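Participant: Right, I'll just put the structure down here and ask away after.
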Amino acid sequence: MIITIIGSSPGESAILMFSDGAIITIDCCKRKNKNFMVEYFNDQGLDFAKVSHNVITHFHNDHVAGMDELINACPNSKVVLPDLWRSIEFKHFAARLTPDVSTGPGTVITEVLKVFDILEKARHRVDYGAELTCLYPAPHIASATGERLTVVSPTNFRKTNFLASLAQALGKSDADLRRFGVEDQNDASMSFLIQDGGSLYFLGGDLQNIHPHCDIDQIHTSHATAGQNYGLVKIPHHGSSTSFSALLRAKVKNNETKVVITPYPQGHKRLPSKETATYLNGVLECYVLEGEIMGLARSDRTIASLNIVPVREYRPGVAEYCDGSITLQRCVTLEKYLSAHL
């Protein structure tokens, strides 16, 4: 199988191509009018009709932007939402967070409502992912190659805690509820284990290890094969200090495991953090999908007294993993990235 990870502007997404031709996408990333997932399919000549699942790990904007376009491009796919999204609490939450002047157009809520509009008209496409949901192979089809994609978070304990916190937030103001949506969505992020014959890979989503008894450590205690190292790891939550886990690190073999990080280059606390370099010290192949700013899409110009800020063209970083080797485009080592940005 081939695992392709695309990011970051900011943004993060992945494409899984299995030996039988099936394709599963995880999240979507878009900058201005460029949908990087759709562009990648077109550039590589991939068949949208072969996509069996479009997975949404959680609804932060750097994971869901452009998802409506991707879903519309894939005529045969199931759209996999986190299982807790079908709870009464989450439905009330989504209903409260409608776009208005306080949130503005183009926000994550607008993106989510676009997805909901599509699924409202095509309910047969909706599917849900919970702890230990197997997304590939289909239940009635055995995988001759030993390929398997399993959802491993949020754990059932985390799901219960998240919904309890959400129920509490629903009793507060709309501003408090929006803050919950921005700050707490990582608690509900899906992450995945991939079995590829005798190899094991981990895609961490935006999972954070804030509560070790029910987060990353718990996943690797409960679900990862004891004594087996990872061939590929997508570090959770853009390499923040809350993405660290002793059990995850123990499964990263310094001279064999390929480690990929999608940076979050905006805001006052850019990621990955400098603590990430210490955590991953010794790993020989650790890459940040930096991407590349290409210049200006249009010239500077002034209309009356209004200054129009030019929109920069951007190409994302791409890491393609297959059979133990990794091919990189617009990626740098972790050390080089941190030295340039911190």
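Labels used: A, B, ... for chains in the order of the structure tokens, numbers from 1 for residues in each chain, and numbers from 1 for ligands as shown.
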Check region 86-291 of chain A with DSSP on the backbone and list each residue it calls helix (DSSP H, G or I), as a PyMOL selection string.
Facilitator: chain A and resi 86+88-96+108-121+123-125+156-169+174-183+185-188+216-222+236-239+241-243+246-250+274-279
Participant: Pick out the residues sitting within 10 Å of Arg315 (chain A), and hand them over as a list of chain:residue names; count only C-alpha atoms, and ignore anything fewer than 5 positions along from it in its own chain.
Facilitator: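 Counting only C-alpha atoms, the residues come to A:Ile6, A:Gly7, A:Ser8, A:Ser9, A:Arg31, A:Lys34, A:Phe36, A:Glu290, A:Gly291, A:Glu292, A:Ile293, A:Met294, A:Gln329, A:Arg330.
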Participant: Separation of CA of Asp127 (chain A) and CA of Val64 (chain A), in Å?
Facilitator: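 If I compute the distance from CA of Asp127 (chain A) to CA of Val64 (chain A), I get 16.4 Å.
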Participant: For Gly198 (chain A), work out the shell of residues within 10 Å, counting only C-alpha atoms and skipping chain neighbours fewer than 6 positions away, then give it as a list in words.
Facilitator: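 Once the nearby chain positions are removed, what remains is Thr145, Gly146, Glu147, Gln228 and Gly231 of chain A.
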Participant: Taking only C-alpha atoms into account, name the residue in A:Ser173, A:Asn229, A:Asn42, A:Thr160 that is nearest to Ser199 (chain A).
Facilitator: A:Asn229
Participant: Ranking A:Leu81, A:Leu338, A:Cys74, A:Leu280 by minimum distance to Phe244 (chain A) and counting only C-alpha atoms, which one comes first?
Facilitator: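 Among A:Leu81, A:Leu338, A:Cys74, A:Leu280, it is A:Leu280 that comes nearest to Phe244 (chain A).
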Participant: If DSSP is run on the backbone, what residues of region 128-250 of chain A are strand (DSSP E)? A reply as a PyMOL selection string would be ideal.
Facilitator: chain A and resi 128-129+134-136+147-153+191-196+199-203+232-234
Participant: How far is it from CA of Cys331 (chain A) to CA of Ile26 (chain A), in Å with one decimal?
Facilitator: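 Calculated distance between CA of Cys331 (chain A) and CA of Ile26 (chain A) is 19.9 Å.
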Participant: Got a sec: who's within 9 Å of Asn209 (chain A), counting only C-alpha atoms, leaving out chain neighbours fewer than 4 positions off, as a list in words?
Facilitator: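 Near Asn209 (chain A), the qualifying residues are His213, Cys214, Asp215, Ile216, Asp217, Ser241, Thr242, Ser243, Phe244 and Ser245 of chain A.
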Participant: Please produce an output containing all heavy atoms for each residue in the selection, written as a compact mmCIF listing (two decimals), in the first residue's frame.
Facilitator:
```txt
# COMPACT_ATOMS: atom_id res chain seq x y z
N HIS A 213 -4.11 8.30 30.97
CA HIS A 213 -4.83 7.06 31.21
C HIS A 213 -5.87 6.77 30.13
O HIS A 213 -6.43 5.67 30.09
CB HIS A 213 -5.51 7.09 32.59
CG HIS A 213 -6.51 8.19 32.74
ND1 HIS A 213 -6.14 9.50 32.91
CD2 HIS A 213 -7.86 8.16 32.75
CE1 HIS A 213 -7.24 10.25 33.02
NE2 HIS A 213 -8.28 9.47 32.92
N CYS A 214 -6.15 7.73 29.26
CA CYS A 214 -7.17 7.46 28.24
C CYS A 214 -6.78 7.98 26.87
O CYS A 214 -7.61 8.04 25.98
CB CYS A 214 -8.51 8.06 28.66
SG CYS A 214 -8.52 9.85 28.81
N ASP A 215 -5.51 8.35 26.68
CA ASP A 215 -5.12 8.93 25.40
C ASP A 215 -4.07 8.10 24.69
O ASP A 215 -4.24 6.90 24.53
CB ASP A 215 -4.63 10.37 25.62
CG ASP A 215 -5.79 11.31 25.94
OD1 ASP A 215 -6.86 11.12 25.38
OD2 ASP A 215 -5.58 12.21 26.76
N ILE A 216 -2.98 8.73 24.27
CA ILE A 216 -2.02 8.05 23.41
C ILE A 216 -1.41 6.83 24.10
O ILE A 216 -1.27 5.76 23.49
CB ILE A 216 -0.91 9.03 22.95
CG1 ILE A 216 -1.55 10.23 22.24
CG2 ILE A 216 0.05 8.34 22.00
CD1 ILE A 216 -0.59 11.33 21.88
N ASP A 217 -1.02 6.96 25.35
CA ASP A 217 -0.47 5.81 26.07
C ASP A 217 -1.47 4.66 26.11
O ASP A 217 -1.12 3.50 25.90
CB ASP A 217 -0.08 6.21 27.50
CG ASP A 217 1.27 6.91 27.56
OD1 ASP A 217 2.03 6.81 26.59
OD2 ASP A 217 1.55 7.58 28.57
N SER A 241 3.84 19.84 22.43
CA SER A 241 4.36 19.17 23.63
C SER A 241 3.33 18.24 24.24
O SER A 241 3.67 17.38 25.05
CB SER A 241 4.79 20.22 24.66
OG SER A 241 3.73 21.07 25.00
N THR A 242 2.05 18.37 23.85
CA THR A 242 1.02 17.47 24.35
C THR A 242 0.83 16.25 23.43
O THR A 242 -0.07 15.45 23.65
CB THR A 242 -0.32 18.20 24.49
OG1 THR A 242 -0.67 18.79 23.23
CG2 THR A 242 -0.24 19.28 25.55
N SER A 243 1.67 16.14 22.39
CA SER A 243 1.58 14.97 21.51
C SER A 243 2.50 13.85 21.98
O SER A 243 2.55 12.79 21.37
CB SER A 243 1.96 15.36 20.08
OG SER A 243 3.34 15.66 19.97
N PHE A 244 3.23 14.08 23.04
CA PHE A 244 4.25 13.13 23.48
C PHE A 244 3.65 11.97 24.26
O PHE A 244 2.72 12.14 25.05
CB PHE A 244 5.29 13.82 24.36
CG PHE A 244 6.01 14.97 23.69
CD1 PHE A 244 6.72 15.88 24.44
CD2 PHE A 244 5.99 15.13 22.32
CE1 PHE A 244 7.39 16.93 23.83
CE2 PHE A 244 6.65 16.16 21.70
CZ PHE A 244 7.35 17.08 22.46
N SER A 245 4.23 10.82 24.04
CA SER A 245 3.82 9.62 24.77
C SER A 245 5.03 8.70 24.86
O SER A 245 5.67 8.41 23.85
CB SER A 245 2.67 8.92 24.04
OG SER A 245 2.58 7.57 24.43
```
Participant: Closest to Asn186 (chain A) among A:Leu207, A:Ile219, A:Ile261, A:Ile23, using only C-alpha atoms?
Facilitator: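 Comparing A:Leu207, A:Ile219, A:Ile261, A:Ile23 against Asn186 (chain A), the winner is A:Leu207.
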Participant: I'd like the interatomic distance between CA of Gly239 (chain A) and CA of Lys253 (chain A), to a tenth of an Å.
Facilitator: 17.5 Å
Participant: Write out as a ChimeraX atom specification which residues come within 12 Å of Lys274 (chain A) when counting only C-alpha atoms, dropping same-chain ones fewer than 6 positions away.
Facilitator: /A:238-241,280-281,334-342
Participant: Would you write out those residues with all heavy atoms, as a tab-separated table (two decimals), in the first residue's frame?
Facilitator:
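What ended up in again39.tsv:
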```
chain	number	residue	atom	x	y	z
A	238	HIS	N	0.48	18.07	15.32
A	238	HIS	CA	1.51	18.93	14.73
A	238	HIS	C	2.80	19.00	15.55
A	238	HIS	O	3.56	19.95	15.46
A	238	HIS	CB	0.96	20.36	14.54
A	238	HIS	CG	-0.40	20.39	13.92
A	238	HIS	ND1	-0.62	20.09	12.59
A	238	HIS	CD2	-1.63	20.66	14.44
A	238	HIS	CE1	-1.92	20.19	12.32
A	238	HIS	NE2	-2.55	20.51	13.43
A	239	GLY	N	3.04	17.98	16.35
A	239	GLY	CA	4.28	17.95	17.13
A	239	GLY	C	4.28	18.89	18.32
A	239	GLY	O	5.33	19.42	18.71
A	240	SER	N	3.12	19.09	18.93
A	240	SER	CA	3.06	19.91	20.15
A	240	SER	C	3.61	19.14	21.33
A	240	SER	O	3.79	17.92	21.28
A	240	SER	CB	1.61	20.32	20.44
A	240	SER	OG	0.87	19.20	20.92
A	241	SER	N	3.84	19.84	22.43
A	241	SER	CA	4.36	19.17	23.63
A	241	SER	C	3.33	18.24	24.24
A	241	SER	O	3.67	17.38	25.05
A	241	SER	CB	4.79	20.22	24.66
A	241	SER	OG	3.73	21.07	25.00
A	280	LEU	N	12.14	13.55	20.06
A	280	LEU	CA	12.47	12.69	18.92
A	280	LEU	C	13.98	12.60	18.67
A	280	LEU	O	14.41	12.16	17.61
A	280	LEU	CB	11.77	13.21	17.65
A	280	LEU	CG	10.24	13.10	17.67
A	280	LEU	CD1	9.64	13.83	16.49
A	280	LEU	CD2	9.80	11.64	17.70
A	281	ASN	N	14.76	13.00	19.65
A	281	ASN	CA	16.21	12.96	19.51
A	281	ASN	C	16.68	11.54	19.17
A	281	ASN	O	16.28	10.57	19.81
A	281	ASN	CB	16.89	13.40	20.82
A	281	ASN	CG	18.39	13.40	20.71
A	281	ASN	OD1	18.96	13.90	19.74
A	281	ASN	ND2	19.05	12.84	21.71
A	334	LEU	N	13.43	18.02	10.93
A	334	LEU	CA	12.87	18.71	12.09
A	334	LEU	C	13.83	19.79	12.59
A	334	LEU	O	13.42	20.92	12.90
A	334	LEU	CB	12.58	17.71	13.21
A	334	LEU	CG	12.10	18.28	14.55
A	334	LEU	CD1	10.82	19.07	14.37
A	334	LEU	CD2	11.91	17.14	15.56
A	335	GLU	N	15.12	19.47	12.66
A	335	GLU	CA	16.10	20.43	13.15
A	335	GLU	C	16.15	21.67	12.26
A	335	GLU	O	16.21	22.81	12.75
A	335	GLU	CB	17.49	19.77	13.22
A	335	GLU	CG	17.63	18.73	14.32
A	335	GLU	CD	16.95	17.41	13.97
A	335	GLU	OE1	16.55	17.23	12.79
A	335	GLU	OE2	16.79	16.57	14.88
A	336	LYS	N	16.13	21.47	10.95
A	336	LYS	CA	16.18	22.61	10.03
A	336	LYS	C	14.94	23.46	10.15
A	336	LYS	O	14.99	24.71	10.15
A	336	LYS	CB	16.35	22.11	8.59
A	336	LYS	CG	16.52	23.25	7.58
A	336	LYS	CD	16.81	22.72	6.19
A	336	LYS	CE	17.00	23.87	5.20
A	336	LYS	NZ	17.31	23.36	3.84
A	337	TYR	N	13.78	22.83	10.30
A	337	TYR	CA	12.55	23.59	10.43
A	337	TYR	C	12.56	24.44	11.69
A	337	TYR	O	12.23	25.64	11.66
A	337	TYR	CB	11.34	22.64	10.45
A	337	TYR	CG	10.02	23.38	10.51
A	337	TYR	CD1	9.40	23.80	9.33
A	337	TYR	CD2	9.40	23.68	11.73
A	337	TYR	CE1	8.19	24.50	9.38
A	337	TYR	CE2	8.20	24.36	11.77
A	337	TYR	CZ	7.60	24.77	10.59
A	337	TYR	OH	6.41	25.47	10.65
A	338	LEU	N	12.94	23.83	12.81
A	338	LEU	CA	12.94	24.58	14.08
A	338	LEU	C	13.96	25.70	14.07
A	338	LEU	O	13.71	26.79	14.59
A	338	LEU	CB	13.20	23.61	15.24
A	338	LEU	CG	12.07	22.62	15.53
A	338	LEU	CD1	12.49	21.66	16.64
A	338	LEU	CD2	10.78	23.31	15.90
A	339	SER	N	15.12	25.49	13.47
A	339	SER	CA	16.14	26.54	13.43
A	339	SER	C	15.68	27.74	12.61
A	339	SER	O	16.07	28.87	12.87
A	339	SER	CB	17.45	25.98	12.85
A	339	SER	OG	17.29	25.62	11.50
A	340	ALA	N	14.80	27.49	11.63
A	340	ALA	CA	14.33	28.57	10.77
A	340	ALA	C	13.11	29.30	11.35
A	340	ALA	O	12.87	30.45	11.00
A	340	ALA	CB	13.97	28.02	9.40
A	341	HIS	N	12.40	28.64	12.26
A	341	HIS	CA	11.12	29.21	12.71
A	341	HIS	C	11.08	29.58	14.19
A	341	HIS	O	10.15	30.23	14.63
A	341	HIS	CB	9.98	28.25	12.40
A	341	HIS	CG	9.69	28.11	10.95
A	341	HIS	ND1	10.39	27.22	10.14
A	341	HIS	CD2	8.82	28.73	10.15
A	341	HIS	CE1	9.93	27.32	8.90
A	341	HIS	NE2	8.98	28.22	8.87
A	342	LEU	N	12.07	29.15	14.96
A	342	LEU	CA	12.05	29.47	16.39
A	342	LEU	C	13.20	30.40	16.74
A	342	LEU	O	14.24	30.39	16.12
A	342	LEU	CB	12.14	28.18	17.21
A	342	LEU	CG	10.95	27.24	17.11
A	342	LEU	CD1	11.17	26.01	17.96
A	342	LEU	CD2	9.65	27.95	17.55
```
Participant: Have a look at A:Met190, A:Ala138, A:Val283, A:Val288 and name the one nearest to Tyr264 (chain A); count only C-alpha atoms.
Facilitator: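 Smallest distance to Tyr264 (chain A) is found for A:Val288.
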Participant: Here is a test: counting only C-alpha atoms, which residue of A:Glu111, A:Glu69, A:Asp174, A:Glu120 is nearest to Leu97 (chain A)?
Facilitator: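 Of the candidates, the smallest distance to Leu97 (chain A) is held by A:Asp174.
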Participant: Under the rule that only C-alpha atoms are counted, which of A:Tyr279, A:Phe157, A:Phe48, A:Tyr136 is the nearest residue to Phe192 (chain A)?
Facilitator: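 Smallest separation from Phe192 (chain A) among the options: A:Tyr136.
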